[in-house]
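Raw contents of final.csv, CSV, C-alpha atoms:
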```csv
chain,number,residue,atom,x,y,z
A,1,MET,CA,-10.4,-1.0,139.4
A,2,LYS,CA,-8.9,-2.5,136.3
A,3,ILE,CA,-10.0,-0.4,133.4
A,4,LEU,CA,-9.5,-1.0,129.7
A,5,ILE,CA,-9.2,2.2,127.6
A,6,THR,CA,-9.2,2.0,123.8
A,7,GLY,CA,-7.6,5.0,122.0
A,8,ALA,CA,-5.2,5.4,125.0
A,9,ALA,CA,-2.8,7.4,122.8
A,10,GLY,CA,-5.6,9.8,121.7
A,11,PHE,CA,-6.5,13.2,123.0
A,12,ILE,CA,-9.2,12.1,125.5
A,13,GLY,CA,-7.8,8.6,126.1
A,14,SER,CA,-4.4,9.9,127.2
A,15,ALA,CA,-5.9,12.5,129.6
A,16,LEU,CA,-8.3,10.0,131.0
A,17,SER,CA,-5.6,7.4,131.6
A,18,LEU,CA,-3.6,9.9,133.6
A,19,ARG,CA,-6.6,10.8,135.8
A,20,LEU,CA,-7.5,7.2,136.5
A,21,LEU,CA,-3.9,6.2,137.3
A,22,ALA,CA,-3.6,9.2,139.7
A,23,ARG,CA,-6.6,7.9,141.7
A,24,GLY,CA,-5.1,4.4,141.9
A,25,ASP,CA,-6.8,2.5,139.1
A,26,GLU,CA,-5.0,0.0,136.8
A,27,VAL,CA,-5.2,1.0,133.1
A,28,ILE,CA,-4.9,-1.3,130.1
A,29,GLY,CA,-4.3,1.1,127.3
A,30,VAL,CA,-5.1,-0.1,123.7
A,31,ASP,CA,-4.1,1.9,120.7
A,32,ASN,CA,-2.7,1.1,117.2
A,33,LEU,CA,-1.0,4.5,116.7
A,34,ASN,CA,-2.3,4.9,113.2
A,35,ASP,CA,-1.2,7.8,111.1
A,36,TYR,CA,-4.5,9.7,110.7
A,37,TYR,CA,-2.5,12.5,112.3
A,38,ASP,CA,1.0,13.0,113.7
A,39,VAL,CA,2.1,9.7,115.3
A,40,ASN,CA,4.9,11.5,117.2
A,41,LEU,CA,2.2,13.4,119.1
A,42,LYS,CA,0.5,10.2,120.0
A,43,LYS,CA,3.8,8.7,121.2
A,44,ALA,CA,4.4,11.9,123.3
A,45,ARG,CA,1.0,11.4,125.0
A,46,LEU,CA,1.8,7.8,125.7
A,47,ALA,CA,5.2,8.7,127.2
A,48,ARG,CA,3.3,10.5,130.0
A,49,THR,CA,1.9,7.1,131.2
A,50,ALA,CA,4.6,4.8,130.0
A,51,ASP,CA,6.6,4.6,133.2
A,52,HIS,CA,3.6,4.2,135.5
A,53,ALA,CA,3.5,0.8,137.2
A,54,ASN,CA,-0.2,0.4,136.8
A,55,PHE,CA,-0.3,1.2,133.0
A,56,THR,CA,-0.1,-1.5,130.4
A,57,ASP,CA,0.6,-0.4,126.8
A,58,VAL,CA,-1.1,-2.7,124.2
A,59,ARG,CA,-0.5,-1.9,120.5
A,60,VAL,CA,-3.4,-3.5,118.6
A,61,SER,CA,-6.3,-2.3,116.4
A,62,ILE,CA,-9.8,-2.7,117.8
A,63,GLU,CA,-11.0,-4.0,114.4
A,64,ASP,CA,-8.6,-6.9,114.8
A,65,ARG,CA,-11.0,-9.5,116.3
A,66,ALA,CA,-8.5,-12.1,117.4
A,67,ALA,CA,-6.3,-9.5,119.0
A,68,MET,CA,-9.1,-7.9,121.0
A,69,GLU,CA,-10.4,-11.3,122.1
A,70,ALA,CA,-6.9,-12.0,123.4
A,71,VAL,CA,-6.7,-8.7,125.2
A,72,PHE,CA,-9.9,-9.2,127.0
A,73,ALA,CA,-9.1,-12.8,127.9
A,74,LYS,CA,-5.6,-11.9,129.2
A,75,HIS,CA,-6.4,-8.7,131.2
A,76,LYS,CA,-10.0,-9.3,132.3
A,77,PRO,CA,-10.9,-5.6,132.8
A,78,GLN,CA,-13.7,-4.8,135.2
A,79,ARG,CA,-14.8,-1.7,133.2
A,80,VAL,CA,-14.2,-0.5,129.6
A,81,VAL,CA,-14.0,3.0,128.1
A,82,ASN,CA,-14.1,2.8,124.3
A,83,LEU,CA,-12.6,6.0,122.8
A,84,ALA,CA,-10.9,4.4,119.8
A,85,ALA,CA,-12.6,5.5,116.6
A,86,GLN,CA,-12.0,7.0,113.2
A,87,ALA,CA,-12.8,10.6,114.0
A,88,GLY,CA,-13.5,13.6,111.8
A,89,VAL,CA,-16.7,14.7,110.0
A,90,ARG,CA,-14.9,16.0,106.8
A,91,TYR,CA,-12.6,13.0,106.5
A,92,SER,CA,-15.7,10.7,106.4
A,93,ILE,CA,-16.7,12.3,103.1
A,94,THR,CA,-13.6,11.0,101.3
A,95,ASN,CA,-12.7,8.0,103.4
A,96,PRO,CA,-15.9,6.2,104.4
A,97,HIS,CA,-14.5,2.7,104.7
A,98,ALA,CA,-12.2,3.8,107.6
A,99,TYR,CA,-15.4,4.5,109.6
A,100,VAL,CA,-16.9,1.1,108.9
A,101,ASP,CA,-13.7,-0.7,109.9
A,102,SER,CA,-13.0,1.2,113.2
A,103,ASN,CA,-16.4,2.5,114.3
A,104,LEU,CA,-18.5,-0.5,113.4
A,105,VAL,CA,-16.3,-3.6,113.2
A,106,GLY,CA,-14.1,-2.3,116.0
A,107,PHE,CA,-17.1,-1.6,118.2
A,108,ILE,CA,-18.7,-5.0,117.8
A,109,ASN,CA,-15.3,-6.5,118.9
A,110,ILE,CA,-15.5,-4.3,122.1
A,111,LEU,CA,-19.1,-5.3,122.7
A,112,GLU,CA,-18.3,-9.0,122.3
A,113,GLY,CA,-15.2,-8.7,124.6
A,114,CYS,CA,-17.4,-7.1,127.3
A,115,ARG,CA,-20.1,-9.7,126.9
A,116,HIS,CA,-17.8,-12.7,127.2
A,117,ASN,CA,-15.6,-11.4,130.0
A,118,GLY,CA,-18.2,-10.1,132.5
A,119,VAL,CA,-17.4,-6.4,132.1
A,120,GLU,CA,-19.3,-4.4,134.7
A,121,HIS,CA,-19.8,-1.3,132.6
A,122,LEU,CA,-19.0,-0.2,129.1
A,123,VAL,CA,-18.7,3.5,128.5
A,124,TYR,CA,-18.2,4.6,124.9
A,125,ALA,CA,-17.7,7.8,123.0
A,126,SER,CA,-20.6,8.9,120.9
A,127,SER,CA,-20.6,12.5,119.4
A,128,SER,CA,-22.7,15.6,119.2
A,129,SER,CA,-22.6,14.9,115.4
A,130,VAL,CA,-25.5,12.5,115.9
A,131,TYR,CA,-27.9,15.4,116.2
A,132,GLY,CA,-27.4,16.0,112.4
A,133,ALA,CA,-30.3,17.9,110.9
A,134,ASN,CA,-31.8,18.7,114.3
A,135,THR,CA,-32.4,22.4,114.8
A,136,ARG,CA,-34.2,22.6,118.2
A,137,MET,CA,-31.7,23.9,120.8
A,138,PRO,CA,-30.2,22.9,123.1
A,139,PHE,CA,-29.7,19.4,121.8
A,140,SER,CA,-31.3,16.9,124.3
A,141,VAL,CA,-30.5,13.2,124.6
A,142,HIS,CA,-34.3,12.7,124.7
A,143,ASP,CA,-34.6,14.1,121.1
A,144,ASN,CA,-34.9,11.9,118.0
A,145,VAL,CA,-31.6,11.7,116.2
A,146,ASP,CA,-32.5,9.7,113.0
A,147,HIS,CA,-31.2,12.2,110.5
A,148,PRO,CA,-27.3,12.3,110.5
A,149,VAL,CA,-25.6,14.4,107.9
A,150,SER,CA,-22.2,12.6,107.8
A,151,LEU,CA,-21.1,8.9,107.8
A,152,TYR,CA,-19.1,9.7,111.0
A,153,ALA,CA,-22.4,10.8,112.7
A,154,ALA,CA,-24.2,7.7,111.3
A,155,SER,CA,-21.5,5.4,112.7
A,156,LYS,CA,-21.8,7.0,116.2
A,157,LYS,CA,-25.6,6.6,116.1
A,158,ALA,CA,-25.0,3.0,115.1
A,159,ASN,CA,-22.8,2.5,118.1
A,160,GLU,CA,-25.7,3.7,120.4
A,161,LEU,CA,-28.1,1.2,118.7
A,162,MET,CA,-25.5,-1.7,118.9
A,163,ALA,CA,-24.9,-0.9,122.6
A,164,HIS,CA,-28.6,-1.0,123.3
A,165,THR,CA,-28.9,-4.4,121.7
A,166,TYR,CA,-26.3,-5.8,124.0
A,167,SER,CA,-27.8,-4.1,127.1
A,168,HIS,CA,-31.1,-5.8,126.1
A,169,LEU,CA,-29.8,-9.2,125.2
A,170,TYR,CA,-27.2,-9.7,127.9
A,171,LYS,CA,-28.2,-7.2,130.6
A,172,MET,CA,-24.8,-5.5,130.0
A,173,PRO,CA,-24.7,-2.0,131.4
A,174,THR,CA,-23.7,0.5,128.6
A,175,THR,CA,-23.4,4.3,128.6
A,176,GLY,CA,-22.9,6.4,125.5
A,177,LEU,CA,-21.4,9.9,125.8
A,178,ARG,CA,-22.1,12.5,123.2
A,179,PHE,CA,-19.0,14.8,123.3
A,180,PHE,CA,-19.3,18.4,122.2
A,181,THR,CA,-16.2,19.9,120.4
A,182,VAL,CA,-13.4,18.9,122.7
A,183,TYR,CA,-10.4,21.2,122.9
A,184,GLY,CA,-7.3,21.9,125.1
A,185,PRO,CA,-3.7,20.9,125.6
A,186,TRP,CA,-2.5,17.8,123.8
A,187,GLY,CA,-5.4,18.1,121.4
A,188,ARG,CA,-5.9,16.7,117.8
A,189,PRO,CA,-4.0,18.5,115.0
A,190,ASP,CA,-7.1,18.1,112.7
A,191,MET,CA,-9.3,20.2,115.0
A,192,ALA,CA,-9.9,23.9,114.4
A,193,LEU,CA,-8.0,25.3,117.5
A,194,PHE,CA,-4.8,23.4,116.6
A,195,MET,CA,-5.0,24.3,112.9
A,196,PHE,CA,-5.8,27.9,113.6
A,197,THR,CA,-2.9,28.3,116.0
A,198,LYS,CA,-0.4,26.7,113.7
A,199,SER,CA,-1.5,28.9,110.7
A,200,ILE,CA,-1.7,32.2,112.7
A,201,LEU,CA,1.8,31.7,114.2
A,202,ALA,CA,3.1,30.9,110.7
A,203,GLY,CA,1.5,34.0,109.2
A,204,LYS,CA,-0.8,31.9,107.0
A,205,PRO,CA,-4.5,32.4,106.4
A,206,ILE,CA,-7.1,30.3,108.2
A,207,ASP,CA,-10.2,28.7,106.6
A,208,VAL,CA,-13.3,30.0,108.3
A,209,PHE,CA,-16.3,27.9,107.2
A,210,ASN,CA,-19.9,29.1,107.1
A,211,TYR,CA,-18.4,32.6,107.0
A,212,GLY,CA,-17.7,32.4,110.7
A,213,ASN,CA,-21.3,31.9,111.6
A,214,HIS,CA,-20.7,28.5,113.2
A,215,ARG,CA,-21.7,28.3,116.9
A,216,ARG,CA,-20.0,25.5,118.8
A,217,ASP,CA,-20.4,24.2,122.4
A,218,PHE,CA,-16.6,24.1,122.9
A,219,THR,CA,-15.8,21.7,125.9
A,220,TYR,CA,-12.5,21.7,127.7
A,221,ILE,CA,-10.6,18.4,128.0
A,222,ASP,CA,-10.5,18.4,131.8
A,223,ASP,CA,-14.3,18.8,131.9
A,224,ILE,CA,-14.7,15.9,129.4
A,225,VAL,CA,-12.5,13.6,131.5
A,226,GLU,CA,-14.3,14.5,134.7
A,227,GLY,CA,-17.6,13.7,133.1
A,228,VAL,CA,-16.3,10.3,131.7
A,229,ILE,CA,-15.0,9.3,135.2
A,230,ARG,CA,-18.2,10.2,137.0
A,231,VAL,CA,-20.3,8.3,134.4
A,232,LEU,CA,-17.9,5.3,134.5
A,233,ASP,CA,-18.4,5.1,138.3
A,234,ASN,CA,-22.2,5.4,137.9
A,235,VAL,CA,-23.1,2.1,136.3
A,236,ALA,CA,-26.0,2.3,133.9
A,237,THR,CA,-29.3,0.9,135.2
A,238,PRO,CA,-32.7,0.2,133.7
A,239,ASN,CA,-35.3,3.0,133.8
A,240,PRO,CA,-38.3,1.6,135.6
A,241,GLN,CA,-40.5,4.3,134.1
A,242,TRP,CA,-39.5,3.6,130.5
A,243,SER,CA,-42.6,3.0,128.3
A,244,SER,CA,-42.8,1.9,124.6
A,245,ALA,CA,-45.9,4.0,124.3
A,246,GLU,CA,-43.7,7.1,124.8
A,247,PRO,CA,-40.2,5.8,124.3
A,248,ASP,CA,-37.3,7.8,125.8
A,249,SER,CA,-34.2,7.5,123.6
A,250,ALA,CA,-31.8,8.3,126.4
A,251,THR,CA,-32.8,5.4,128.7
A,252,SER,CA,-34.4,2.0,128.4
A,253,TYR,CA,-36.0,-0.9,130.2
A,254,ALA,CA,-32.4,-2.3,129.8
A,255,PRO,CA,-29.3,-1.0,131.6
A,256,TYR,CA,-28.6,1.6,129.0
A,257,ARG,CA,-28.0,5.4,129.2
A,258,LEU,CA,-26.9,8.3,127.0
A,259,TYR,CA,-25.5,11.7,128.1
A,260,ASN,CA,-24.3,14.9,126.5
A,261,ILE,CA,-21.0,16.2,127.8
A,262,GLY,CA,-20.8,19.8,126.6
A,263,ASN,CA,-20.2,23.2,128.1
A,264,HIS,CA,-23.9,24.3,127.7
A,265,ASN,CA,-22.6,27.6,126.3
A,266,PRO,CA,-22.3,27.8,122.5
A,267,VAL,CA,-19.7,30.3,121.2
A,268,GLU,CA,-19.6,31.9,117.8
A,269,LEU,CA,-16.6,30.8,115.8
A,270,LEU,CA,-15.5,34.4,115.2
A,271,ARG,CA,-15.4,35.0,119.0
A,272,PHE,CA,-13.4,31.8,119.4
A,273,ILE,CA,-10.9,33.1,116.9
A,274,GLU,CA,-10.8,36.5,118.6
A,275,VAL,CA,-9.9,34.9,122.0
A,276,LEU,CA,-7.2,32.9,120.2
A,277,GLU,CA,-5.8,36.0,118.6
A,278,ASP,CA,-5.6,37.7,122.1
A,279,CYS,CA,-3.7,34.7,123.5
A,280,LEU,CA,-1.3,34.6,120.6
A,281,GLY,CA,-0.9,38.3,120.4
A,282,LYS,CA,-1.3,38.1,116.7
A,283,LYS,CA,-4.2,38.7,114.3
A,284,ALA,CA,-5.5,36.0,111.9
A,285,GLN,CA,-5.9,36.3,108.2
A,286,LYS,CA,-9.3,34.9,107.5
A,287,ASN,CA,-10.3,33.0,104.4
A,288,MET,CA,-14.1,33.1,104.6
A,289,LEU,CA,-15.8,30.0,103.1
A,290,PRO,CA,-19.3,28.5,102.9
A,291,LEU,CA,-20.7,25.7,105.0
A,292,GLN,CA,-19.0,22.4,104.2
A,293,ASN,CA,-20.9,19.2,103.4
A,294,GLY,CA,-21.4,17.2,106.6
A,295,ASP,CA,-21.0,20.2,108.9
A,296,VAL,CA,-23.8,21.5,111.1
A,297,PRO,CA,-24.2,25.3,111.7
A,298,ALA,CA,-24.5,25.0,115.5
A,299,THR,CA,-24.2,22.7,118.5
A,300,TYR,CA,-25.5,23.3,122.0
A,301,ALA,CA,-25.6,20.7,124.7
A,302,ASP,CA,-28.5,20.1,127.2
A,303,VAL,CA,-26.6,18.6,130.2
A,304,ALA,CA,-29.6,18.4,132.6
A,305,ASP,CA,-29.3,14.6,132.8
A,306,LEU,CA,-25.6,14.6,133.5
A,307,ILE,CA,-26.1,17.1,136.3
A,308,ARG,CA,-29.0,15.1,137.8
A,309,ASP,CA,-27.4,11.7,137.6
A,310,VAL,CA,-23.7,12.4,138.4
A,311,GLY,CA,-23.7,15.9,139.8
A,312,PHE,CA,-21.4,17.5,137.2
A,313,LYS,CA,-21.7,20.4,134.8
A,314,PRO,CA,-18.7,21.4,132.5
A,315,ASP,CA,-18.0,25.0,132.9
A,316,THR,CA,-14.5,26.0,131.8
A,317,ALA,CA,-14.6,29.2,129.8
A,318,ILE,CA,-13.0,29.4,126.4
A,319,GLU,CA,-10.8,32.3,127.7
A,320,THR,CA,-9.2,29.9,130.2
A,321,GLY,CA,-9.2,26.8,128.0
A,322,ILE,CA,-7.6,28.5,124.9
A,323,ALA,CA,-5.0,30.2,127.0
A,324,ARG,CA,-4.0,26.8,128.5
A,325,PHE,CA,-3.8,25.3,125.0
A,326,VAL,CA,-1.6,28.1,123.6
A,327,GLU,CA,0.7,27.8,126.6
A,328,TRP,CA,1.0,24.0,125.9
A,329,TYR,CA,1.4,24.5,122.2
A,330,ARG,CA,4.3,27.0,122.6
A,331,ALA,CA,6.0,24.7,125.1
A,332,TYR,CA,5.5,21.5,123.0
A,333,TYR,CA,6.6,23.0,119.7
A,334,LYS,CA,9.2,25.3,121.4
A,335,ILE,CA,7.8,28.5,119.9
```
Please render this file's structure as structure tokens.
Amino acid sequence: MKILITGAAGFIGSALSLRLLARGDEVIGVDNLNDYYDVNLKKARLARTADHANFTDVRVSIEDRAAMEAVFAKHKPQRVVNLAAQAGVRYSITNPHAYVDSNLVGFINILEGCRHNGVEHLVYASSSSVYGANTRMPFSVHDNVDHPVSLYAASKKANELMAHTYSHLYKMPTTGLRFFTVYGPWGRPDMALFMFTKSILAGKPIDVFNYGNHRRDFTYIDDIVEGVIRVLDNVATPNPQWSSAEPDSATSYAPYRLYNIGNHNPVELLRFIEVLEDCLGKKAQKNMLPLQNGDVPATYADVADLIRDVGFKPDTAIETGIARFVEWYRAYYKI
């Protein structure tokens, strides 16, 4: 297939591109290489696909309407995976406009591109952040998620609503994926594992929020990519049992679906740090801090729908995933 991936220089986008190219797909990779974090890392990720005959590198921003119209018109992708977004819960507290530009304006450009060019299936990144103030565990895609606690989360919930509108109006198959704390080699420098590793190796203290009482459903990058591919290949269909009397938020009378992709195994942050210390052979100096605005104390994915519909359950243990990250980190930074 010919597949358009936005955010192709990103953590997930780069890994997904490699997997799709390896199985014989043609990939149109869109990224603007913004400086939210180290651009050199993004370039290094792209270098892994740059020489592949079936990879096309397109440097535009998804919020650039004319540029995205031209990309869709020129390349005519069969399917689209939208991973480009302004990420980060804490960054959204101080830079809200960046989330409107990328996550809302950018997403409507993706939806319009799919609509006008006959795209067979749009798969897009949502986030576990949409669960916000929910406390019932594990988080289910069938639960109400109307109480986000950060603008980042609100923008992702908005994406789900916008996608449903297009599925309804134009019978366009769309699937939203709520990712749970993705980690692994080639990861984002603004994520905890990356920051902790850098600080511990440098002998600097790490900030441990919520006094270490966070519980996160850490999900390894390879599991995320496997889940995305299986969902991409399983085009969203209407749910014939859907009823407005008892509405199911994860499906619809329209070709619309939502899935969690998480490890279904929440881990305490202090245990996560302990495993990292073992892999690094060095203890962390911990700066214990309260819960930050926009953060939630725990995440835990119910993946029953993912297992039922595409036959996949993420299961990489943190002991394995963190060891692989540390191995990559030492090699990449020559430590």
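Of the listed residues (A:Asn213, A:Thr299, A:Thr237, A:Asn293), A:Thr237 comes nearest to A:Ala254; the distances count all atoms listed in the file.
Surrounding stretch 272-283 of chain A within 7 Å are Val267, Glu268, Leu269, Leu270, Gln285, Glu319, Ile322, Ala323 and Val326 of chain A, with only C-alpha atoms counted and residues fewer than 2 positions along the same chain left out.
If only C-alpha atoms are the atoms counted, then among A:Ile3, A:Ala154, A:Met68, A:Ile110 the closest residue to A:Arg19 is A:Ile3.
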Skipping near chain neighbours, those fewer than 5 positions away, what residues fall within 10 Å of A:Phe312 using all atoms listed in the file, listed as a VMD selection string? chain A and resid 223 226 to 227 230 to 231 261 303 to 307
Distance cut-off 7 Å, centre (-20.9, 28.9, 107.9) in file coordinates, counting only C-alpha atoms: which residues qualify? Return them as a PyMOL selection string.
chain A and resi 209-214+290-291+297
Item to complete: For A:Ile62, please output as a PyMOL selection string all residues within 7 Å (counting all atoms listed in the file; exclusion window: fewer than 3 positions along the same chain).
Response: chain A and resi 68+102+106+109
Output file for the selection above: C-alpha atoms, as a CSV table (one decimal), in the coordinates of the input:
```
chain,number,residue,atom,x,y,z
A,68,MET,CA,-9.1,-7.9,121.0
A,102,SER,CA,-13.0,1.2,113.2
A,106,GLY,CA,-14.1,-2.3,116.0
A,109,ASN,CA,-15.3,-6.5,118.9
```
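The smallest atom-to-atom distance between A:Pro238 and any of A:Ile5, A:Val105, A:Met172, A:Ile200, using all atoms listed in the file, is found for A:Met172.
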Got a sec: who's within 6 Å of A:Arg257, counting all atoms listed in the file, leaving out chain neighbours fewer than 4 positions off, as a ChimeraX atom specification?
/A:175,236,250-251
Across A:Pro314, A:Pro189, A:Gly29, A:Gly24, the smallest distance to A:Val81, with only C-alpha atoms counted, is shown by A:Gly29
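Between atom CA of A:Tyr152 and atom CA of A:Asp101 the separation is 11.8 Å.
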Anything within 10 Å of (1.3, 26.3, 124.4): list those residues as a ChimeraX atom specification, counting all atoms listed in the file and sticking to the file's coordinates. /A:184-186,197,279-280,322-335
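Distances from A:Arg59, A:His97, A:Arg65, A:Lys286 to A:Val208 were compared using only C-alpha atoms, and the smallest one belongs to A:Lys286.
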Could you list, as a ChimeraX atom specification, every residue within 10 Å of A:Tyr170, counting all atoms listed in the file and ignoring same-chain residues fewer than 2 positions away? /A:115-116,164-168,172-173,254-255
Could you model N, CA and C atoms for stretch 39-66 of chain A and present them as a PDB file, in the frame of the given file?
```pdb
ATOM      1  N   VAL A  39       1.881  10.805 114.386  1.00  0.00           N
ATOM      2  CA  VAL A  39       2.100   9.700 115.300  1.00  0.00           C
ATOM      3  C   VAL A  39       3.047  10.103 116.444  1.00  0.00           C
ATOM      4  N   ASN A  40       3.941  11.046 116.179  1.00  0.00           N
ATOM      5  CA  ASN A  40       4.900  11.500 117.200  1.00  0.00           C
ATOM      6  C   ASN A  40       4.112  12.161 118.389  1.00  0.00           C
ATOM      7  N   LEU A  41       3.016  12.844 118.077  1.00  0.00           N
ATOM      8  CA  LEU A  41       2.200  13.400 119.100  1.00  0.00           C
ATOM      9  C   LEU A  41       1.553  12.339 119.974  1.00  0.00           C
ATOM     10  N   LYS A  42       1.096  11.287 119.310  1.00  0.00           N
ATOM     11  CA  LYS A  42       0.500  10.200 120.000  1.00  0.00           C
ATOM     12  C   LYS A  42       1.542   9.499 120.941  1.00  0.00           C
ATOM     13  N   LYS A  43       2.748   9.342 120.421  1.00  0.00           N
ATOM     14  CA  LYS A  43       3.800   8.700 121.200  1.00  0.00           C
ATOM     15  C   LYS A  43       4.172   9.620 122.421  1.00  0.00           C
ATOM     16  N   ALA A  44       4.143  10.933 122.209  1.00  0.00           N
ATOM     17  CA  ALA A  44       4.400  11.900 123.300  1.00  0.00           C
ATOM     18  C   ALA A  44       3.374  11.786 124.389  1.00  0.00           C
ATOM     19  N   ARG A  45       2.119  11.617 123.965  1.00  0.00           N
ATOM     20  CA  ARG A  45       1.000  11.400 125.000  1.00  0.00           C
ATOM     21  C   ARG A  45       1.264  10.167 125.754  1.00  0.00           C
ATOM     22  N   LEU A  46       1.564   9.090 125.049  1.00  0.00           N
ATOM     23  CA  LEU A  46       1.800   7.800 125.700  1.00  0.00           C
ATOM     24  C   LEU A  46       2.962   7.849 126.672  1.00  0.00           C
ATOM     25  N   ALA A  47       3.972   8.652 126.329  1.00  0.00           N
ATOM     26  CA  ALA A  47       5.200   8.700 127.200  1.00  0.00           C
ATOM     27  C   ALA A  47       4.825   9.241 128.576  1.00  0.00           C
ATOM     28  N   ARG A  48       3.701   9.956 128.700  1.00  0.00           N
ATOM     29  CA  ARG A  48       3.300  10.500 130.000  1.00  0.00           C
ATOM     30  C   ARG A  48       2.840   9.384 130.952  1.00  0.00           C
ATOM     31  N   THR A  49       2.416   8.250 130.377  1.00  0.00           N
ATOM     32  CA  THR A  49       1.900   7.100 131.200  1.00  0.00           C
ATOM     33  C   THR A  49       2.863   5.932 131.165  1.00  0.00           C
ATOM     34  N   ALA A  50       3.826   5.945 130.259  1.00  0.00           N
ATOM     35  CA  ALA A  50       4.600   4.800 130.000  1.00  0.00           C
ATOM     36  C   ALA A  50       5.343   4.178 131.197  1.00  0.00           C
ATOM     37  N   ASP A  51       5.820   5.029 132.088  1.00  0.00           N
ATOM     38  CA  ASP A  51       6.600   4.600 133.200  1.00  0.00           C
ATOM     39  C   ASP A  51       5.748   4.258 134.467  1.00  0.00           C
ATOM     40  N   HIS A  52       4.442   4.390 134.333  1.00  0.00           N
ATOM     41  CA  HIS A  52       3.600   4.200 135.500  1.00  0.00           C
ATOM     42  C   HIS A  52       3.398   2.651 135.690  1.00  0.00           C
ATOM     43  N   ALA A  53       3.584   2.206 136.903  1.00  0.00           N
ATOM     44  CA  ALA A  53       3.500   0.800 137.200  1.00  0.00           C
ATOM     45  C   ALA A  53       2.157   0.153 136.907  1.00  0.00           C
ATOM     46  N   ASN A  54       1.108   0.962 136.958  1.00  0.00           N
ATOM     47  CA  ASN A  54      -0.200   0.400 136.800  1.00  0.00           C
ATOM     48  C   ASN A  54      -0.767   0.631 135.337  1.00  0.00           C
ATOM     49  N   PHE A  55       0.134   0.996 134.397  1.00  0.00           N
ATOM     50  CA  PHE A  55      -0.300   1.200 133.000  1.00  0.00           C
ATOM     51  C   PHE A  55       0.318   0.116 132.112  1.00  0.00           C
ATOM     52  N   THR A  56      -0.541  -0.543 131.337  1.00  0.00           N
ATOM     53  CA  THR A  56      -0.100  -1.500 130.400  1.00  0.00           C
ATOM     54  C   THR A  56      -0.379  -1.041 128.972  1.00  0.00           C
ATOM     55  N   ASP A  57       0.646  -0.936 128.147  1.00  0.00           N
ATOM     56  CA  ASP A  57       0.600  -0.400 126.800  1.00  0.00           C
ATOM     57  C   ASP A  57       0.362  -1.570 125.816  1.00  0.00           C
ATOM     58  N   VAL A  58      -0.815  -1.600 125.152  1.00  0.00           N
ATOM     59  CA  VAL A  58      -1.100  -2.700 124.200  1.00  0.00           C
ATOM     60  C   VAL A  58      -1.321  -2.084 122.815  1.00  0.00           C
ATOM     61  N   ARG A  59      -0.499  -2.493 121.860  1.00  0.00           N
ATOM     62  CA  ARG A  59      -0.500  -1.900 120.500  1.00  0.00           C
ATOM     63  C   ARG A  59      -1.301  -2.838 119.555  1.00  0.00           C
ATOM     64  N   VAL A  60      -2.607  -2.719 119.535  1.00  0.00           N
ATOM     65  CA  VAL A  60      -3.400  -3.500 118.600  1.00  0.00           C
ATOM     66  C   VAL A  60      -4.561  -2.566 118.094  1.00  0.00           C
ATOM     67  N   SER A  61      -5.187  -2.995 116.996  1.00  0.00           N
ATOM     68  CA  SER A  61      -6.300  -2.300 116.400  1.00  0.00           C
ATOM     69  C   SER A  61      -7.622  -2.932 116.948  1.00  0.00           C
ATOM     70  N   ILE A  62      -8.593  -2.121 117.310  1.00  0.00           N
ATOM     71  CA  ILE A  62      -9.800  -2.700 117.800  1.00  0.00           C
ATOM     72  C   ILE A  62     -10.578  -3.488 116.751  1.00  0.00           C
ATOM     73  N   GLU A  63     -10.302  -3.202 115.462  1.00  0.00           N
ATOM     74  CA  GLU A  63     -11.000  -4.000 114.400  1.00  0.00           C
ATOM     75  C   GLU A  63     -10.345  -5.347 114.194  1.00  0.00           C
ATOM     76  N   ASP A  64      -9.233  -5.625 114.872  1.00  0.00           N
ATOM     77  CA  ASP A  64      -8.600  -6.900 114.800  1.00  0.00           C
ATOM     78  C   ASP A  64      -9.273  -7.844 115.846  1.00  0.00           C
ATOM     79  N   ARG A  65     -10.178  -8.657 115.368  1.00  0.00           N
ATOM     80  CA  ARG A  65     -11.000  -9.500 116.300  1.00  0.00           C
ATOM     81  C   ARG A  65     -10.235 -10.394 117.164  1.00  0.00           C
ATOM     82  N   ALA A  66      -9.308 -11.139 116.579  1.00  0.00           N
ATOM     83  CA  ALA A  66      -8.500 -12.100 117.400  1.00  0.00           C
ATOM     84  C   ALA A  66      -7.687 -11.397 118.427  1.00  0.00           C
TER      85      ALA A  66
END
```
